[in-house]
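Shown next: protein-v8.txt, given as compact mmCIF, C-alpha atoms.
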```
# COMPACT_ATOMS: atom_id res chain seq x y z
CA MET A 127 49.75 22.61 12.63
CA GLU A 128 50.99 23.23 9.09
CA ARG A 129 50.43 26.77 7.84
CA PRO A 130 50.25 27.52 4.08
CA LEU A 131 53.17 29.79 3.21
CA SER A 132 50.99 31.73 0.78
CA LEU A 133 48.97 33.13 3.69
CA LEU A 134 51.96 34.35 5.65
CA GLU A 135 53.69 37.71 5.31
CA PRO A 136 57.16 37.10 3.82
CA MET A 137 59.59 37.38 6.72
CA ASP A 138 63.14 37.12 5.42
CA MET A 139 65.74 38.16 7.94
CA PRO A 140 68.87 40.16 7.01
CA ASN A 141 70.95 37.68 9.04
CA ARG A 142 69.54 34.17 9.30
CA PHE A 143 71.99 33.44 12.11
CA PHE A 144 70.60 36.36 14.14
CA PRO A 145 66.89 36.60 13.17
CA ILE A 146 65.73 40.03 14.29
CA LYS A 147 65.07 43.17 12.26
CA VAL A 148 63.83 46.71 12.87
CA HIS A 149 62.07 48.95 10.36
CA HIS A 150 62.00 52.72 10.91
CA THR A 151 58.73 53.87 9.37
CA THR A 152 57.21 57.28 8.67
CA ALA A 153 53.81 58.28 7.29
CA LYS A 154 52.99 61.81 6.16
CA GLU A 155 49.27 61.49 5.37
CA TYR A 156 46.27 61.13 7.64
CA GLY A 157 44.29 57.99 6.88
CA ILE A 158 46.96 56.18 4.93
CA THR A 159 47.11 52.42 5.48
CA LEU A 160 50.28 51.45 7.32
CA PHE A 161 49.82 47.73 6.61
CA ASN A 162 46.91 45.65 5.37
CA HIS A 163 45.43 42.72 7.30
CA HIS A 164 48.05 40.02 7.69
CA TRP A 165 49.52 37.62 10.21
CA HIS A 166 52.78 35.84 10.81
CA ASN A 167 54.50 33.51 13.24
CA HIS A 168 56.92 36.07 14.61
CA LEU A 169 56.63 38.23 17.69
CA GLU A 170 56.44 41.92 16.74
CA PHE A 171 56.68 45.20 18.64
CA LEU A 172 55.53 48.57 17.29
CA TYR A 173 57.11 51.50 19.14
CA PHE A 174 55.59 54.91 18.35
CA THR A 175 57.85 57.94 18.72
CA LYS A 176 55.70 60.60 17.04
CA GLY A 177 52.07 61.10 16.02
CA SER A 178 49.09 58.78 16.42
CA ALA A 179 47.61 55.73 14.70
CA MET A 180 44.91 53.09 14.94
CA ILE A 181 46.22 49.54 15.19
CA GLU A 182 43.67 46.74 14.94
CA LEU A 183 44.52 43.38 16.49
CA ASN A 184 42.10 40.49 16.06
CA SER A 185 39.24 42.94 15.35
CA VAL A 186 39.98 45.12 18.42
CA PRO A 187 41.05 48.70 17.57
CA TYR A 188 43.73 50.42 19.68
CA GLU A 189 44.37 54.16 19.54
CA VAL A 190 48.12 54.65 19.98
CA SER A 191 50.35 57.70 20.19
CA GLU A 192 53.88 58.82 21.02
CA GLY A 193 55.50 56.61 23.66
CA ASP A 194 53.13 53.67 23.25
CA LEU A 195 54.24 50.12 22.54
CA VAL A 196 52.04 47.63 20.68
CA VAL A 197 52.74 43.93 21.18
CA ILE A 198 51.70 41.71 18.27
CA ASN A 199 51.60 38.12 19.44
CA SER A 200 52.32 35.29 17.03
CA ASN A 201 49.35 34.73 14.66
CA ASP A 202 47.61 37.98 15.63
CA LEU A 203 45.65 39.33 12.67
CA HIS A 204 46.74 42.97 12.48
CA TYR A 205 46.07 46.11 10.46
CA GLY A 206 47.14 49.75 10.85
CA VAL A 207 46.05 53.24 9.77
CA SER A 208 47.78 56.55 10.40
CA GLN A 209 45.70 59.12 12.28
CA CYS A 210 47.97 62.11 11.77
CA ASP A 211 50.04 63.82 9.11
CA ASP A 212 53.40 63.07 10.73
CA LEU A 213 53.75 59.56 12.13
CA VAL A 214 57.01 57.91 13.15
CA TYR A 215 57.34 54.42 14.57
CA TYR A 216 59.64 51.41 14.72
CA ALA A 217 58.53 47.89 13.82
CA MET A 218 60.68 45.28 15.53
CA ILE A 219 60.23 41.68 14.32
CA ILE A 220 61.75 38.80 16.25
CA ASP A 221 61.99 35.14 15.41
CA ILE A 222 61.65 33.55 18.84
CA LYS A 223 64.19 30.92 17.73
CA LEU A 224 66.78 33.57 18.55
CA LEU A 225 66.11 32.90 22.24
CA HIS A 226 65.88 29.11 22.17
CA SER A 227 68.22 27.25 24.50
CA HIS A 228 70.54 24.61 23.11
CA SER A 229 69.41 22.22 25.81
CA ILE A 230 66.24 21.64 27.79
CA ASP A 231 66.32 24.02 30.73
CA ALA A 232 63.83 25.96 32.86
CA ILE A 233 63.91 29.02 30.60
CA GLU A 234 63.17 26.94 27.54
CA THR A 235 60.43 24.75 28.98
CA LYS A 236 58.65 27.34 31.14
CA PHE A 237 58.81 30.40 28.89
CA ILE A 238 60.44 30.35 25.45
CA THR A 239 58.72 27.26 24.06
CA PRO A 240 55.24 28.28 25.32
CA ILE A 241 55.72 31.76 23.82
CA SER A 242 56.79 30.25 20.49
CA GLN A 243 53.73 27.98 20.58
CA ASN A 244 51.41 30.92 21.33
CA ARG A 245 50.61 29.40 24.70
CA ILE A 246 51.67 32.57 26.52
CA LEU A 247 50.18 35.82 25.25
CA PHE A 248 50.87 39.44 26.15
CA ALA A 249 48.64 42.50 26.41
CA SER A 250 48.37 44.34 23.10
CA LYS A 251 48.97 47.95 24.15
CA ILE A 252 51.46 49.22 26.73
CA THR A 253 51.42 52.85 27.84
CA GLY A 254 53.58 54.69 30.34
CA ASP A 255 56.08 51.93 31.13
CA ALA A 256 59.44 53.70 31.14
CA GLU A 257 61.44 50.54 31.83
CA ILE A 258 60.22 48.54 28.86
CA ILE A 259 60.48 51.55 26.53
CA SER A 260 64.06 52.09 27.70
CA CYS A 261 64.86 48.47 26.81
CA VAL A 262 63.22 48.78 23.38
CA SER A 263 65.05 52.06 22.64
CA SER A 264 68.40 50.59 23.71
CA LEU A 265 67.84 47.49 21.61
CA ILE A 266 67.11 49.61 18.53
CA GLN A 267 70.26 51.64 19.18
CA GLU A 268 72.37 48.49 19.52
CA LEU A 269 71.03 47.09 16.26
CA ASN A 270 71.68 50.36 14.44
CA GLN A 271 75.23 50.87 15.76
CA ARG A 272 76.33 47.22 15.67
CA GLU A 273 79.31 47.69 17.96
CA LEU A 274 81.36 44.73 19.16
CA GLY A 275 79.11 42.39 21.14
CA TYR A 276 75.84 43.93 19.96
CA GLU A 277 74.33 40.46 19.59
CA LEU A 278 74.92 39.75 23.29
CA SER A 279 73.42 43.09 24.24
CA ILE A 280 70.34 42.61 22.04
CA LYS A 281 69.63 39.15 23.44
CA SER A 282 69.96 40.50 26.97
CA TYR A 283 67.45 43.28 26.21
CA LEU A 284 65.05 40.78 24.64
CA TYR A 285 65.17 38.59 27.73
CA ARG A 286 64.53 41.64 29.90
CA ILE A 287 61.60 42.76 27.71
CA LEU A 288 60.05 39.30 27.91
CA THR A 289 60.52 39.26 31.68
CA ILE A 290 58.68 42.57 32.03
CA LEU A 291 55.94 41.37 29.70
CA LEU A 292 55.51 38.12 31.64
CA ARG A 293 55.36 39.86 35.03
CA ARG A 294 53.20 42.84 34.13
CA TYR A 295 51.35 42.13 30.89
CA GLY A 296 50.78 38.39 30.62
CA THR A 297 47.23 37.50 29.61
CA ASN A 298 45.22 34.30 29.80
CA LYS A 299 46.60 31.42 27.79
CA LEU A 300 44.58 29.91 24.96
CA SER A 301 43.53 26.32 25.31
CA THR A 302 44.93 23.92 22.75
CA GLU A 303 41.53 23.68 21.08
CA GLU A 304 41.13 27.48 20.92
CA ASP A 305 44.63 27.91 19.55
CA GLN A 306 44.11 25.34 16.80
CA GLN A 307 40.72 26.78 15.86
CA ARG A 308 42.14 30.29 15.75
CA LEU A 309 44.88 29.23 13.35
CA LYS A 310 42.41 27.31 11.23
CA ASN A 311 40.13 30.34 10.92
CA LEU A 312 43.04 32.67 10.12
CA GLU A 313 44.17 30.36 7.36
CA ARG A 314 40.67 30.03 5.95
CA PHE A 315 39.79 33.73 6.05
CA THR A 316 43.06 35.32 4.93
CA PRO A 317 42.13 34.98 1.21
CA VAL A 318 38.77 36.58 2.04
CA PHE A 319 40.41 39.62 3.68
CA GLN A 320 42.79 39.92 0.75
CA TYR A 321 39.95 39.72 -1.76
CA ILE A 322 37.88 42.37 0.04
CA GLU A 323 40.92 44.69 0.23
CA GLU A 324 41.49 44.35 -3.52
CA HIS A 325 37.84 44.45 -4.66
CA TYR A 326 36.05 46.64 -2.08
CA PRO A 327 34.65 49.07 -4.74
CA GLU A 328 32.81 46.18 -6.39
CA ASP A 329 29.57 44.45 -5.42
CA LEU A 330 30.58 41.77 -2.93
CA SER A 331 28.08 39.07 -2.01
CA VAL A 332 28.09 36.68 0.92
CA ASP A 333 27.85 33.78 -1.53
CA GLN A 334 30.93 35.00 -3.36
CA LEU A 335 33.01 35.50 -0.21
CA SER A 336 31.84 32.31 1.48
CA GLY A 337 32.94 30.42 -1.62
CA LEU A 338 36.48 31.74 -1.15
CA ALA A 339 36.49 30.24 2.35
CA GLY A 340 34.78 27.04 1.29
CA LEU A 341 31.92 27.53 3.74
CA SER A 342 28.14 27.76 3.60
CA ARG A 343 26.57 31.23 3.96
CA PHE A 344 25.48 30.49 7.51
CA HIS A 345 28.81 29.16 8.78
CA PHE A 346 30.76 31.83 6.92
CA SER A 347 28.73 34.66 8.45
CA ARG A 348 29.02 33.18 11.94
CA LEU A 349 32.78 32.58 11.77
CA PHE A 350 33.39 35.97 10.14
CA LYS A 351 31.65 37.67 13.05
CA GLU A 352 33.60 35.60 15.58
CA LEU A 353 36.91 36.44 13.92
CA THR A 354 36.40 40.15 13.19
CA GLY A 355 33.73 41.19 15.70
CA ARG A 356 31.71 42.62 12.80
CA THR A 357 29.12 41.57 10.28
CA ILE A 358 30.30 41.24 6.68
CA THR A 359 28.39 44.38 5.66
CA ASP A 360 29.82 46.39 8.55
CA TYR A 361 33.35 45.21 7.79
CA ILE A 362 33.11 46.15 4.09
CA ASN A 363 31.46 49.50 4.83
CA THR A 364 34.16 50.33 7.39
CA LEU A 365 36.85 49.66 4.81
CA ARG A 366 35.03 51.73 2.17
CA ILE A 367 34.51 54.65 4.54
CA ASN A 368 38.17 54.61 5.57
CA LYS A 369 39.20 54.64 1.91
CA SER A 370 36.79 57.50 1.18
CA GLU A 371 38.13 59.53 4.12
CA TYR A 372 41.62 59.14 2.71
CA LEU A 373 40.44 60.45 -0.68
CA LEU A 374 38.57 63.37 0.92
CA ARG A 375 41.78 64.42 2.61
CA ASN A 376 44.28 63.63 -0.13
CA SER A 377 42.61 64.00 -3.54
CA ARG A 378 40.77 66.60 -5.62
CA MET A 379 37.92 64.24 -6.51
CA ASN A 380 34.47 65.58 -5.68
CA ILE A 381 32.27 63.80 -3.15
CA SER A 382 30.19 61.99 -5.77
CA GLU A 383 33.30 60.69 -7.49
CA ILE A 384 34.71 59.50 -4.17
CA ALA A 385 31.47 57.73 -3.31
CA LEU A 386 31.44 55.87 -6.62
CA SER A 387 35.14 55.01 -6.49
CA THR A 388 34.79 53.43 -3.05
CA GLY A 389 31.76 51.28 -3.84
CA PHE A 390 28.80 53.54 -2.95
CA LYS A 391 26.36 53.91 -5.85
CA ASP A 392 23.98 56.14 -3.87
CA ILE A 393 25.47 59.48 -2.76
CA TYR A 394 22.84 59.86 -0.02
CA TYR A 395 23.58 56.44 1.43
CA PHE A 396 27.28 57.28 1.27
CA SER A 397 26.73 60.51 3.21
CA ARG A 398 24.63 58.80 5.87
CA SER A 399 27.14 55.97 6.21
CA PHE A 400 30.08 58.35 6.41
CA LYS A 401 28.46 60.36 9.19
CA LYS A 402 27.55 57.16 11.04
CA TYR A 403 31.16 55.94 11.07
CA LYS A 404 33.06 59.24 11.28
CA HIS A 405 30.53 61.44 13.14
CA VAL A 406 30.97 64.15 10.55
CA SER A 407 29.57 64.56 7.02
CA PRO A 408 31.81 64.16 3.94
CA SER A 409 31.38 67.85 3.08
CA GLU A 410 32.39 68.87 6.60
CA MET A 411 35.41 66.60 6.42
CA ARG A 412 36.43 68.15 3.09
CA LYS A 413 35.79 71.69 4.39
CA ASN A 414 38.02 71.14 7.43
CA PHE A 415 40.89 69.83 5.35
CA HIS A 416 42.31 72.07 2.67
CA ILE A 417 44.20 70.34 -0.10
```

What does the file become when written as structure tokens?
Amino acid sequence: MERPLSLLEPMDMPNRFFPIKVHHTTAKEYGITLFNHHWHNHLEFLYFTKGSAMIELNSVPYEVSEGDLVVINSNDLHYGVSQCDDLVYYAMIIDIKLLHSHSIDAIETKFITPISQNRILFASKITGDAEIISCVSSLIQELNQRELGYELSIKSYLYRILTILLRRYGTNKLSTEEDQQRLKNLERFTPVFQYIEEHYPEDLSVDQLSGLAGLSRFHFSRLFKELTGRTITDYINTLRINKSEYLLRNSRMNISEIALSTGFKDIYYFSRSFKKYKHVSPSEMRKNFHI
């Protein structure tokens, strides 16, 4: 199925003949967005070495901390927020073509091709697996040091990681129909997510957003709920509250200013909504965090 390039995260590789890259990432502020909603065709691993974060995959939130590994399957819609003031993690992005065989063999037909076609999926969060973390850590070290034969070593670690994932963390495969529908919905709704992210302080109507997706109000609302697990109002309010929490912790704006800047015209509704989502009032949040 053809995927519009405009909806994909740019994924240039440093070496097109060896398509794998690792980003070492740090975040020093609670509530800061690590990455906005996006998706791509590559397999990605997030390995957390310090702090904690919330990673959302296909509308399911995962609380992760030091030692955890997040597996982002191809075409997973993902989003991340730091939940501490000192976060460190590695993002490893792999083009599965790196592991393709040059001829049709059992490895290619049984495993690599189905993984590349999103026919084999892996569990999203892995905790307490020393063997797979050892492989990930060694792979990162090999890529950083680039000693003679590092490409051989990296491919061997990738095969071992995939073997562990297949044996311990393989999940149900999507049917062809489900897979195609999932891609279709991701393509259709990516401009909607981008628009909400850019215009969340403004008044956003269902008619306006459904027009971006080219759907009727009814079908848009139904598909939005299927894709995100939330109603449109709940999704927008969650984003606004997360943005307001960030400002409460990291700015000198007063609570009224924060409410207005994040799309809440009624300070009382803002306070009620904030407490509903965060289980603490905005003033208590501000009081407990000294700028």

For stretch 220-222 of chain A, list every protein, DNA or RNA residue within 6 Å, evaluated using only C-alpha atoms, and leave out those in the same chain fewer than 6 positions away; present the list as a compact mmCIF listing (two decimals) with C-alpha atoms, in the coordinates of the input.
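Wrote it out as selection-v7.txt, contents follow:
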```
# COMPACT_ATOMS: atom_id res chain seq x y z
CA PRO A 145 66.89 36.60 13.17
CA ILE A 146 65.73 40.03 14.29
CA HIS A 168 56.92 36.07 14.61
CA LEU A 169 56.63 38.23 17.69
```

Would you mind listing what lies within 9 Å of A:Tyr216 as a ChimeraX atom specification, with only C-alpha atoms counted and same-chain residues fewer than 4 positions away left out? /A:148-152,171-175,266

12 Å contact set for stretch 339-347 of chain A, only C-alpha atoms, chain neighbours under 2 positions out, as a ChimeraX atom specification: /A:310-321,331-337,349-361

Pick from A:Leu292, A:Pro327, A:Ser370, A:Asn414: nearest to A:Gly389, with all atoms listed in the file counted?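 The closest residue to A:Gly389 is A:Pro327.
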
What does the distance from atom CA of A:Ile280 to atom CA of A:Leu265 come to in Å, to one decimal? 5.5 Å

With only C-alpha atoms as the atoms that count, which of A:Asn368, A:Val207, A:Lys223, A:Leu288 lies nearest to A:Asn162?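 The shortest atom-to-atom distance to A:Asn162 comes from A:Val207.
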